[in-house]
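S.K.: Sharing a structure below in structure tokens format, with a few things to ask.
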Protein chains: 2
Amino acid sequence: MRATAEANPNIALIKYWGKADAALNLPVTGSLSLTLDTAPTRTTVELDSAIADDELVLSGVAQTGRSLERVRRFLDLVRDESGSTVKSRVDSVNLIPTGAGLASSASAFAALAAAASAAYGLDLDDRALSRLARRGSGSASRSIFGGVVRWFPGDDASSFAEPVDSTGLDLAMVVAVIDAGEKSISSTEAMNRTTATSPFYPAWAESTTRQLDEMLRAIARADFTAVGELTESNSLRMHATMAGAWPPVRYQRAASIALIDAAAELRAAGVEAYATMDAGPNVKFLCRPVDADRVEAHLAATDPSARFLSARAGEGVRLVDEAATA
Amino acid sequence: MRATAEANPNIALIKYWGKADAALNLPVTGSLSLTLDTAPTRTTVELDSAIADDELVLSGVAQTGRSLERVRRFLDLVRDESGSTVKSRVDSVNLIPTGAGLASSASAFAALAAAASAAYGLDLDDRALSRLARRGSGSASRSIFGGVVRWFPGDDASSFAEPVDSTGLDLAMVVAVIDAGEKSISSTEAMNRTTATSPFYPAWAESTTRQLDEMLRAIARADFTAVGELTESNSLRMHATMAGAWPPVRYQRAASIALIDAAAELRAAGVEAYATMDAGPNVKFLCRPVDADRVEAHLAATDPSARFLSARAGEGVRLVDEAATA
């Protein structure tokens, strides 16, 4: 059997930062994201009884080491459920491969979950697929769904994502890709250090739970301004929590701050744009689709060396091909 | 009577951020600072029974409004203690007036406390002078003393500063003055908003109390690296606490972050420099005197538009003139 699936990245408006259970990828808090309509990952899983162990090819390059091990462990979960012992070849590409800054473990494990579960003959509903994707990468649970998506904390059974009705809200995202210079620490290490050493972590968890509730209310009344202000505040609080770690974790570079300031300038000029950052220097701006060009133009004037990607709300994971093979 | 006093600015290594009592300027936590040997404020207080109310001249310009009211309220405290009702002329200048970024209410109220108490005939010891200066501006309590200074929280009687023995530690500070662009919010408003709205504030207060204890131990063993790391961490945590406020308070500009990153580069190259920021975009770097030129050179290469001021540990407040007048 062979199956191919595509999944899009998602950007959290209310962030996931900190695991309650590292093995199961259970989050400390709920989170909420927007699935984008760009930069999908396309992944094919093909069972092959002739190979001794799973193989992984990323963008045409055969993988070894940690990324291969991570995929093998994930496929073991699928095999456990299907009863199969057959190994697979996994071939994965990012359809916008040119370093758009959105290549993410979220789209990767959402696509892998869909392709692998289909190839191994599991008949999973979206909720089960979200739980499975979560085991690969926490935020992948959200890329199963399109548009605005909420991921619940809980136990292995209850921690899944589901779509949130955002009728009346038309959301766009302008992604500013910054030339970061030196490499920062990995998001997993940053997350672990933050939860272990930041004096702000407990307050972060409480605050995020509160802001998620406020965000859901703001979405329900289609209050774009409140959605944006909560997005920017939650991101600043996450990075503040990291700055409190020992040693400090700082993903906000000078260029990031200049762009966050540029969003404030846009708002002062009547154009609503709200900045959010993840475990890297890039900055994503939530705005209305009608404002996206003006937002990008002002950001580009602020940082002529940045590259930009403009996105709208995108769809969830989809199976694009499924076939019995020889 | 007429008296003239000089006082130097101080830079907190463990920050004062948040009042337990706004009227008495009692801090939530203890703090610790280095008094600098530069940018002193020189203030003359001259009693004049012929004037109807206190007058204030700052750098040659007669003041009205809030700064005058603040000085009048301060002189009322001195008169309450002295039994006098005579009004005064206050003349104050910063001896390095060219926007060095260090003009501070700390040096201003330390100099005013010393000059006014002498002019009104109060015989205050340093501790009483520190308590008095505190009423004008919290951090002024620290500029009464030279070198490394600790300010205690407590009640009106017990909240004063005192010098800390820093034998074996030779400290320098390179101040980077950044062209900030737009004016940020005042430190008082920022402090109030932070204590009222940041979910991180309680953890900030606990963390600062802990870091002050660690700092005192690091100073006692003359451990420059630990002093520097605590300095940088405490500053990052203060600004993190502000970023958590609603609306967020952000004093870290892009240029500030670039300079903080430059300090990390210096450390990676074996030169110890640690960044600290207060309620503004400028960045101060704690380093060894022998490294100050190299620190300044690297910072200047990072931000050619910044101006620099290099300082060592300076002395406390001093009376430079006292005379009976006609």
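Labeling convention for the structure tokens: chains A, B, ... as they appear, residues from 1 per chain, ligands from 1 in order of appearance.
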What are the closest atom pairs, with distances in Å to one decimal, for all residues of chain B lying within 10 Å of chain A? Consider only C-alpha atoms, order rows by chain and residue number, and present the result as JSON lines.

M.R.:
{"residue": "B:Ser198", "atom": "CA", "partner": "A:Arg237", "partner_atom": "CA", "distance": 9.2}
{"residue": "B:Pro199", "atom": "CA", "partner": "A:Ala203", "partner_atom": "CA", "distance": 5.8}
{"residue": "B:Phe200", "atom": "CA", "partner": "A:Phe200", "partner_atom": "CA", "distance": 5.6}
{"residue": "B:Tyr201", "atom": "CA", "partner": "A:Phe200", "partner_atom": "CA", "distance": 8.7}
{"residue": "B:Pro202", "atom": "CA", "partner": "A:Ala203", "partner_atom": "CA", "distance": 8.8}
{"residue": "B:Ala203", "atom": "CA", "partner": "A:Pro199", "partner_atom": "CA", "distance": 5.8}
{"residue": "B:Trp204", "atom": "CA", "partner": "A:Pro199", "partner_atom": "CA", "distance": 7.3}
{"residue": "B:Ala205", "atom": "CA", "partner": "A:Pro199", "partner_atom": "CA", "distance": 10.0}
{"residue": "B:Glu206", "atom": "CA", "partner": "A:Pro199", "partner_atom": "CA", "distance": 8.4}
{"residue": "B:Ser207", "atom": "CA", "partner": "A:Pro199", "partner_atom": "CA", "distance": 6.6}
{"residue": "B:Glu229", "atom": "CA", "partner": "A:Pro247", "partner_atom": "CA", "distance": 8.7}
{"residue": "B:Leu230", "atom": "CA", "partner": "A:Trp246", "partner_atom": "CA", "distance": 9.7}
{"residue": "B:Glu232", "atom": "CA", "partner": "A:Pro248", "partner_atom": "CA", "distance": 9.1}
{"residue": "B:Ser233", "atom": "CA", "partner": "A:Pro248", "partner_atom": "CA", "distance": 6.9}
{"residue": "B:Asn234", "atom": "CA", "partner": "A:Gly244", "partner_atom": "CA", "distance": 8.3}
{"residue": "B:Ser235", "atom": "CA", "partner": "A:Gly244", "partner_atom": "CA", "distance": 9.4}
{"residue": "B:Leu236", "atom": "CA", "partner": "A:Ala243", "partner_atom": "CA", "distance": 6.0}
{"residue": "B:Arg237", "atom": "CA", "partner": "A:Gly244", "partner_atom": "CA", "distance": 5.0}
{"residue": "B:Met238", "atom": "CA", "partner": "A:Gly244", "partner_atom": "CA", "distance": 8.7}
{"residue": "B:His239", "atom": "CA", "partner": "A:Ala240", "partner_atom": "CA", "distance": 7.8}
{"residue": "B:Ala240", "atom": "CA", "partner": "A:Ala240", "partner_atom": "CA", "distance": 4.2}
{"residue": "B:Thr241", "atom": "CA", "partner": "A:Ala240", "partner_atom": "CA", "distance": 6.9}
{"residue": "B:Met242", "atom": "CA", "partner": "A:Ala240", "partner_atom": "CA", "distance": 8.6}
{"residue": "B:Ala243", "atom": "CA", "partner": "A:Leu236", "partner_atom": "CA", "distance": 6.0}
{"residue": "B:Gly244", "atom": "CA", "partner": "A:Arg237", "partner_atom": "CA", "distance": 5.0}
{"residue": "B:Ala245", "atom": "CA", "partner": "A:Ser233", "partner_atom": "CA", "distance": 8.3}
{"residue": "B:Trp246", "atom": "CA", "partner": "A:Ser233", "partner_atom": "CA", "distance": 7.5}
{"residue": "B:Pro247", "atom": "CA", "partner": "A:Ser233", "partner_atom": "CA", "distance": 7.7}
{"residue": "B:Pro248", "atom": "CA", "partner": "A:Ser233", "partner_atom": "CA", "distance": 6.9}
{"residue": "B:Arg250", "atom": "CA", "partner": "A:Asp261", "partner_atom": "CA", "distance": 9.6}
{"residue": "B:Gln252", "atom": "CA", "partner": "A:Ile257", "partner_atom": "CA", "distance": 8.0}
{"residue": "B:Arg253", "atom": "CA", "partner": "A:Ile257", "partner_atom": "CA", "distance": 6.4}
{"residue": "B:Ala254", "atom": "CA", "partner": "A:Ala254", "partner_atom": "CA", "distance": 4.0}
{"residue": "B:Ala255", "atom": "CA", "partner": "A:Ala254", "partner_atom": "CA", "distance": 6.3}
{"residue": "B:Ser256", "atom": "CA", "partner": "A:Ala254", "partner_atom": "CA", "distance": 7.5}
{"residue": "B:Ile257", "atom": "CA", "partner": "A:Ala254", "partner_atom": "CA", "distance": 5.0}
{"residue": "B:Ala258", "atom": "CA", "partner": "A:Ala254", "partner_atom": "CA", "distance": 5.2}
{"residue": "B:Leu259", "atom": "CA", "partner": "A:Ala254", "partner_atom": "CA", "distance": 8.8}
{"residue": "B:Ile260", "atom": "CA", "partner": "A:Ala254", "partner_atom": "CA", "distance": 9.4}
{"residue": "B:Asp261", "atom": "CA", "partner": "A:Arg253", "partner_atom": "CA", "distance": 8.2}

S.K.: Lay chain A over chain B using all C-alpha atoms, matched one to one in order, with a least-squares fit; then write it out as a compact mmCIF listing (two decimals) with C-alpha atoms, in the first residue's frame.

M.R.:
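Final output, out-v3.txt:
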# COMPACT_ATOMS: atom_id res chain seq x y z
CA MET A 1 21.39 79.79 54.46
CA ARG A 2 22.59 78.31 51.22
CA ALA A 3 24.02 74.85 50.53
CA THR A 4 25.26 73.11 47.40
CA ALA A 5 25.56 69.35 46.99
CA GLU A 6 26.59 66.99 44.24
CA ALA A 7 25.38 63.46 43.65
CA ASN A 8 26.10 60.86 41.00
CA PRO A 9 23.68 58.62 39.14
CA ASN A 10 23.51 54.94 39.99
CA ILE A 11 22.65 51.99 37.80
CA ALA A 12 20.79 49.10 39.37
CA LEU A 13 22.30 45.65 38.93
CA ILE A 14 19.32 44.18 40.77
CA LYS A 15 16.38 46.34 39.82
CA TYR A 16 13.80 48.34 41.74
CA TRP A 17 10.50 47.87 39.92
CA GLY A 18 7.29 48.34 41.83
CA LYS A 19 6.19 50.30 44.88
CA ALA A 20 4.69 48.83 48.02
CA ASP A 21 3.67 52.37 49.02
CA ALA A 22 3.51 55.12 46.42
CA ALA A 23 3.32 58.04 48.87
CA LEU A 24 6.36 56.89 50.85
CA ASN A 25 8.25 55.41 47.87
CA LEU A 26 8.61 52.08 49.60
CA PRO A 27 9.77 49.37 47.19
CA VAL A 28 8.29 45.90 46.88
CA THR A 29 11.76 44.35 46.87
CA GLY A 30 15.31 45.19 47.77
CA SER A 31 17.66 46.33 45.01
CA LEU A 32 21.38 46.82 44.44
CA SER A 33 23.25 49.36 42.35
CA LEU A 34 26.57 50.76 41.31
CA THR A 35 27.09 54.48 41.83
CA LEU A 36 28.98 55.90 38.83
CA ASP A 37 31.81 58.43 38.78
CA THR A 38 30.27 60.53 36.03
CA ALA A 39 27.35 62.80 35.14
CA PRO A 40 26.76 64.28 38.60
CA THR A 41 23.91 66.59 39.42
CA ARG A 42 24.89 69.75 41.33
CA THR A 43 22.11 71.44 43.25
CA THR A 44 22.02 74.61 45.33
CA VAL A 45 19.24 75.34 47.82
CA GLU A 46 19.04 78.90 49.09
CA LEU A 47 16.48 79.99 51.68
CA ASP A 48 14.83 83.31 50.94
CA SER A 49 12.22 84.74 53.29
CA ALA A 50 11.28 87.26 50.59
CA ILE A 51 9.75 84.75 48.18
CA ALA A 52 6.18 83.47 48.47
CA ASP A 53 6.88 79.96 47.30
CA ASP A 54 9.76 77.72 46.29
CA GLU A 55 11.35 78.35 42.93
CA LEU A 56 13.14 75.79 40.77
CA VAL A 57 15.68 76.40 38.02
CA LEU A 58 16.90 73.37 36.05
CA SER A 59 19.92 73.92 33.82
CA GLY A 60 19.16 77.63 33.84
CA VAL A 61 15.48 77.30 32.99
CA ALA A 62 12.82 78.31 35.54
CA GLN A 63 10.38 75.45 36.05
CA THR A 64 6.63 75.37 36.55
CA GLY A 65 4.16 72.53 36.68
CA ARG A 66 4.87 69.00 37.85
CA SER A 67 8.64 69.17 38.37
CA LEU A 68 8.22 72.30 40.50
CA GLU A 69 5.37 70.73 42.48
CA ARG A 70 7.46 67.63 43.13
CA VAL A 71 10.34 69.72 44.49
CA ARG A 72 7.96 71.81 46.64
CA ARG A 73 6.48 68.68 48.20
CA PHE A 74 9.98 67.43 48.88
CA LEU A 75 11.03 70.72 50.51
CA ASP A 76 7.88 70.54 52.64
CA LEU A 77 9.24 67.29 54.12
CA VAL A 78 12.48 69.05 55.00
CA ARG A 79 10.63 72.05 56.47
CA ASP A 80 8.38 69.76 58.50
CA GLU A 81 11.47 68.30 60.11
CA SER A 82 13.32 71.61 60.56
CA GLY A 83 10.38 73.66 61.77
CA SER A 84 11.16 76.35 59.19
CA THR A 85 8.51 77.89 56.96
CA VAL A 86 10.93 79.81 54.77
CA LYS A 87 10.77 79.11 51.04
CA SER A 88 13.79 78.37 48.85
CA ARG A 89 15.32 78.89 45.48
CA VAL A 90 16.62 75.61 44.02
CA ASP A 91 19.14 75.71 41.22
CA SER A 92 20.16 72.40 39.68
CA VAL A 93 22.43 71.44 36.79
CA ASN A 94 23.73 68.21 35.38
CA LEU A 95 27.48 68.62 35.10
CA ILE A 96 27.52 66.45 31.96
CA PRO A 97 24.47 68.05 30.44
CA THR A 98 24.73 66.86 26.84
CA GLY A 99 22.09 64.19 26.89
CA ALA A 100 24.38 61.50 28.20
CA GLY A 101 21.39 59.35 28.98
CA LEU A 102 22.22 59.34 32.64
CA ALA A 103 20.36 62.44 33.80
CA SER A 104 18.35 60.82 36.52
CA SER A 105 15.94 61.51 39.31
CA ALA A 106 18.34 59.46 41.48
CA SER A 107 21.20 61.95 41.32
CA ALA A 108 18.74 64.87 41.33
CA PHE A 109 16.96 63.92 44.56
CA ALA A 110 20.13 62.71 46.28
CA ALA A 111 21.73 66.12 45.64
CA LEU A 112 18.55 67.95 46.59
CA ALA A 113 18.21 65.96 49.83
CA ALA A 114 21.78 66.80 50.85
CA ALA A 115 21.60 70.47 49.87
CA ALA A 116 18.14 71.08 51.34
CA SER A 117 18.82 69.30 54.62
CA ALA A 118 22.02 71.32 55.05
CA ALA A 119 20.38 74.61 54.07
CA TYR A 120 17.54 74.04 56.52
CA GLY A 121 19.98 73.07 59.27
CA LEU A 122 19.04 69.43 59.64
CA ASP A 123 21.86 67.28 60.90
CA LEU A 124 21.18 64.01 59.12
CA ASP A 125 23.44 60.99 59.05
CA ASP A 126 23.78 59.10 55.77
CA ARG A 127 21.02 56.68 56.67
CA ALA A 128 18.56 59.48 57.43
CA LEU A 129 19.67 61.24 54.26
CA SER A 130 19.02 58.07 52.28
CA ARG A 131 15.51 57.80 53.74
CA LEU A 132 14.87 61.45 52.89
CA ALA A 133 16.18 61.11 49.32
CA ARG A 134 13.94 58.05 48.89
CA ARG A 135 10.89 60.24 49.45
CA GLY A 136 11.87 62.28 46.41
CA SER A 137 12.68 59.33 44.14
CA GLY A 138 13.10 55.73 45.24
CA SER A 139 16.43 55.11 43.55
CA ALA A 140 17.83 58.38 44.97
CA SER A 141 18.17 56.54 48.29
CA ARG A 142 21.06 54.64 46.68
CA SER A 143 22.95 57.64 45.25
CA ILE A 144 23.69 58.80 48.82
CA PHE A 145 26.44 56.18 48.87
CA GLY A 146 29.34 55.37 46.59
CA GLY A 147 30.29 52.10 44.94
CA VAL A 148 27.98 49.12 45.35
CA VAL A 149 24.86 50.00 47.31
CA ARG A 150 21.93 47.99 48.62
CA TRP A 151 18.49 49.48 49.24
CA PHE A 152 16.27 47.70 51.73
CA PRO A 153 12.52 47.34 51.43
CA GLY A 154 10.55 47.86 54.62
CA ASP A 155 8.63 50.69 56.24
CA ASP A 156 9.39 54.39 56.30
CA ALA A 157 11.96 53.91 59.04
CA SER A 158 13.68 50.79 57.74
CA SER A 159 13.75 51.42 53.99
CA PHE A 160 17.13 53.04 53.37
CA ALA A 161 20.26 52.21 51.42
CA GLU A 162 23.69 51.25 52.65
CA PRO A 163 27.02 50.53 50.99
CA VAL A 164 28.07 46.96 50.26
CA ASP A 165 31.69 45.89 50.61
CA SER A 166 32.83 44.92 47.12
CA THR A 167 36.51 44.36 47.87
CA GLY A 168 38.15 42.41 45.09
CA LEU A 169 35.64 43.46 42.45
CA ASP A 170 36.75 46.17 40.07
CA LEU A 171 33.69 47.31 38.17
CA ALA A 172 33.29 49.50 35.12
CA MET A 173 30.22 50.48 33.19
CA VAL A 174 29.96 51.39 29.53
CA VAL A 175 26.77 53.27 28.79
CA ALA A 176 25.42 53.09 25.25
CA VAL A 177 23.13 55.99 24.48
CA ILE A 178 20.74 55.06 21.70
CA ASP A 179 18.79 57.47 19.59
CA ALA A 180 15.41 56.29 20.69
CA GLY A 181 13.05 57.86 18.20
CA GLU A 182 9.63 58.15 19.75
CA LYS A 183 9.22 58.75 23.47
CA SER A 184 8.20 55.76 25.58
CA ILE A 185 5.93 55.93 28.57
CA SER A 186 7.27 57.30 31.86
CA SER A 187 8.89 54.94 34.32
CA THR A 188 6.24 55.65 36.95
CA GLU A 189 3.40 54.84 34.57
CA ALA A 190 5.27 51.76 33.32
CA MET A 191 5.86 50.61 36.90
CA ASN A 192 2.22 51.08 37.85
CA ARG A 193 0.93 49.31 34.75
CA THR A 194 3.33 46.42 35.32
CA THR A 195 2.36 45.85 38.93
CA ALA A 196 -1.34 46.19 38.09
CA THR A 197 -1.54 44.01 34.97
CA SER A 198 1.48 41.77 34.41
CA PRO A 199 0.81 38.14 35.36
CA PHE A 200 4.55 37.88 35.98
CA TYR A 201 4.75 40.55 38.67
CA PRO A 202 4.50 38.30 41.76
CA ALA A 203 7.13 35.94 40.32
CA TRP A 204 9.30 38.94 39.45
CA ALA A 205 9.23 40.12 43.06
CA GLU A 206 10.10 36.66 44.38
CA SER A 207 12.80 36.15 41.78
CA THR A 208 14.38 39.54 42.46
CA THR A 209 14.53 38.90 46.17
CA ARG A 210 16.26 35.59 45.43
CA GLN A 211 18.62 37.17 42.89
CA LEU A 212 19.53 39.92 45.35
CA ASP A 213 20.59 37.26 47.85
CA GLU A 214 22.59 35.48 45.16
CA MET A 215 24.13 38.79 44.11
CA LEU A 216 25.25 39.59 47.66
CA ARG A 217 26.89 36.17 47.89
CA ALA A 218 28.57 36.66 44.49
CA ILE A 219 29.90 40.07 45.59
CA ALA A 220 31.14 38.63 48.88
CA ARG A 221 33.26 36.09 47.00
CA ALA A 222 34.26 38.71 44.35
CA ASP A 223 32.84 36.50 41.59
CA PHE A 224 32.69 38.89 38.64
CA THR A 225 31.09 36.37 36.28
CA ALA A 226 28.26 35.60 38.68
CA VAL A 227 27.73 39.31 39.33
CA GLY A 228 27.49 39.90 35.58
CA GLU A 229 25.21 36.98 34.83
CA LEU A 230 22.85 37.97 37.63
CA THR A 231 22.87 41.56 36.39
CA GLU A 232 21.89 40.58 32.86
CA SER A 233 19.30 38.03 33.95
CA ASN A 234 17.65 40.41 36.41
CA SER A 235 17.35 43.09 33.74
CA LEU A 236 15.90 40.64 31.20
CA ARG A 237 13.40 39.49 33.82
CA MET A 238 12.34 43.05 34.59
CA HIS A 239 11.74 43.80 30.93
CA ALA A 240 9.99 40.45 30.53
CA THR A 241 7.68 41.39 33.39
CA MET A 242 6.88 44.65 31.57
CA ALA A 243 6.29 42.85 28.26
CA GLY A 244 3.67 40.82 30.09
CA ALA A 245 1.73 43.94 31.08
CA TRP A 246 -1.50 44.93 29.33
CA PRO A 247 -0.99 46.86 27.17
CA PRO A 248 2.60 45.62 26.92
CA VAL A 249 5.43 47.91 28.05
CA ARG A 250 8.46 47.57 25.79
CA TYR A 251 11.61 49.62 26.30
CA GLN A 252 13.84 47.22 24.37
CA ARG A 253 14.25 48.73 20.90
CA ALA A 254 15.87 46.99 17.95
CA ALA A 255 19.10 48.89 18.66
CA SER A 256 18.97 47.76 22.32
CA ILE A 257 18.69 44.11 21.30
CA ALA A 258 21.54 44.45 18.81
CA LEU A 259 23.76 45.74 21.63
CA ILE A 260 22.64 43.03 24.07
CA ASP A 261 23.57 40.51 21.36
CA ALA A 262 26.91 42.29 20.96
CA ALA A 263 27.61 41.66 24.66
CA ALA A 264 27.00 37.96 24.07
CA GLU A 265 29.47 38.11 21.16
CA LEU A 266 32.04 39.76 23.43
CA ARG A 267 31.60 37.02 26.01
CA ALA A 268 31.99 34.37 23.33
CA ALA A 269 35.29 36.08 22.47
CA GLY A 270 36.42 35.97 26.10
CA VAL A 271 35.57 39.56 27.09
CA GLU A 272 33.04 39.66 29.89
CA ALA A 273 30.35 42.30 29.37
CA TYR A 274 26.83 42.05 30.72
CA ALA A 275 23.90 44.18 29.60
CA THR A 276 21.35 45.91 31.79
CA MET A 277 18.52 48.27 30.84
CA ASP A 278 16.24 50.61 32.76
CA ALA A 279 13.08 52.46 31.74
CA GLY A 280 14.45 53.56 28.39
CA PRO A 281 16.20 52.21 25.29
CA ASN A 282 19.78 52.78 26.47
CA VAL A 283 21.90 49.80 27.44
CA LYS A 284 24.53 49.76 30.17
CA PHE A 285 27.31 47.20 30.15
CA LEU A 286 28.99 45.96 33.29
CA CYS A 287 32.59 44.98 32.58
CA ARG A 288 36.06 45.06 34.07
CA PRO A 289 37.86 48.41 33.76
CA VAL A 290 40.64 46.75 31.77
CA ASP A 291 38.09 45.63 29.16
CA ALA A 292 36.11 48.87 28.91
CA ASP A 293 37.82 50.17 25.76
CA ARG A 294 37.42 46.89 23.92
CA VAL A 295 33.78 46.66 25.02
CA GLU A 296 33.07 50.17 23.79
CA ALA A 297 34.84 49.52 20.48
CA HIS A 298 32.77 46.42 19.75
CA LEU A 299 29.53 48.13 20.74
CA ALA A 300 30.40 51.14 18.58
CA ALA A 301 31.07 48.84 15.63
CA THR A 302 27.66 47.23 16.23
CA ASP A 303 25.84 50.56 16.41
CA PRO A 304 27.82 53.42 14.87
CA SER A 305 25.01 55.86 15.70
CA ALA A 306 25.18 55.21 19.45
CA ARG A 307 27.12 57.47 21.81
CA PHE A 308 29.13 56.04 24.68
CA LEU A 309 30.07 57.00 28.18
CA SER A 310 32.52 54.99 30.21
CA ALA A 311 32.38 55.05 34.00
CA ARG A 312 33.87 53.49 37.11
CA ALA A 313 32.51 53.18 40.63
CA GLY A 314 31.90 56.69 41.96
CA GLU A 315 31.47 58.33 45.33
CA GLY A 316 28.30 59.13 47.22
CA VAL A 317 26.63 62.49 47.70
CA ARG A 318 28.82 65.36 49.01
CA LEU A 319 28.24 68.86 50.23
CA VAL A 320 30.45 71.13 48.13
CA ASP A 321 29.49 74.51 49.56
CA GLU A 322 27.61 75.81 52.57
CA ALA A 323 27.27 79.46 53.54
CA ALA A 324 25.17 81.84 55.56
CA THR A 325 23.67 84.41 53.21
CA ALA A 326 22.41 87.91 53.74

S.K.: Residues of stretch 100-225 of chain B in alpha helix (DSSP H) according to DSSP, as a PyMOL selection string?

M.R.: chain B and resi 105-119+126-136+187-197+201-220+224-225

S.K.: Report as an NGL selection string: the residues of stretch 40-276 of chain A with a DSSP assignment of strand (DSSP E or B), based on the backbone of this structure.

M.R.: :A and (41-47 or 55-58 or 61-62 or 88-94 or 148-151 or 161-163 or 172-177 or 273-276)
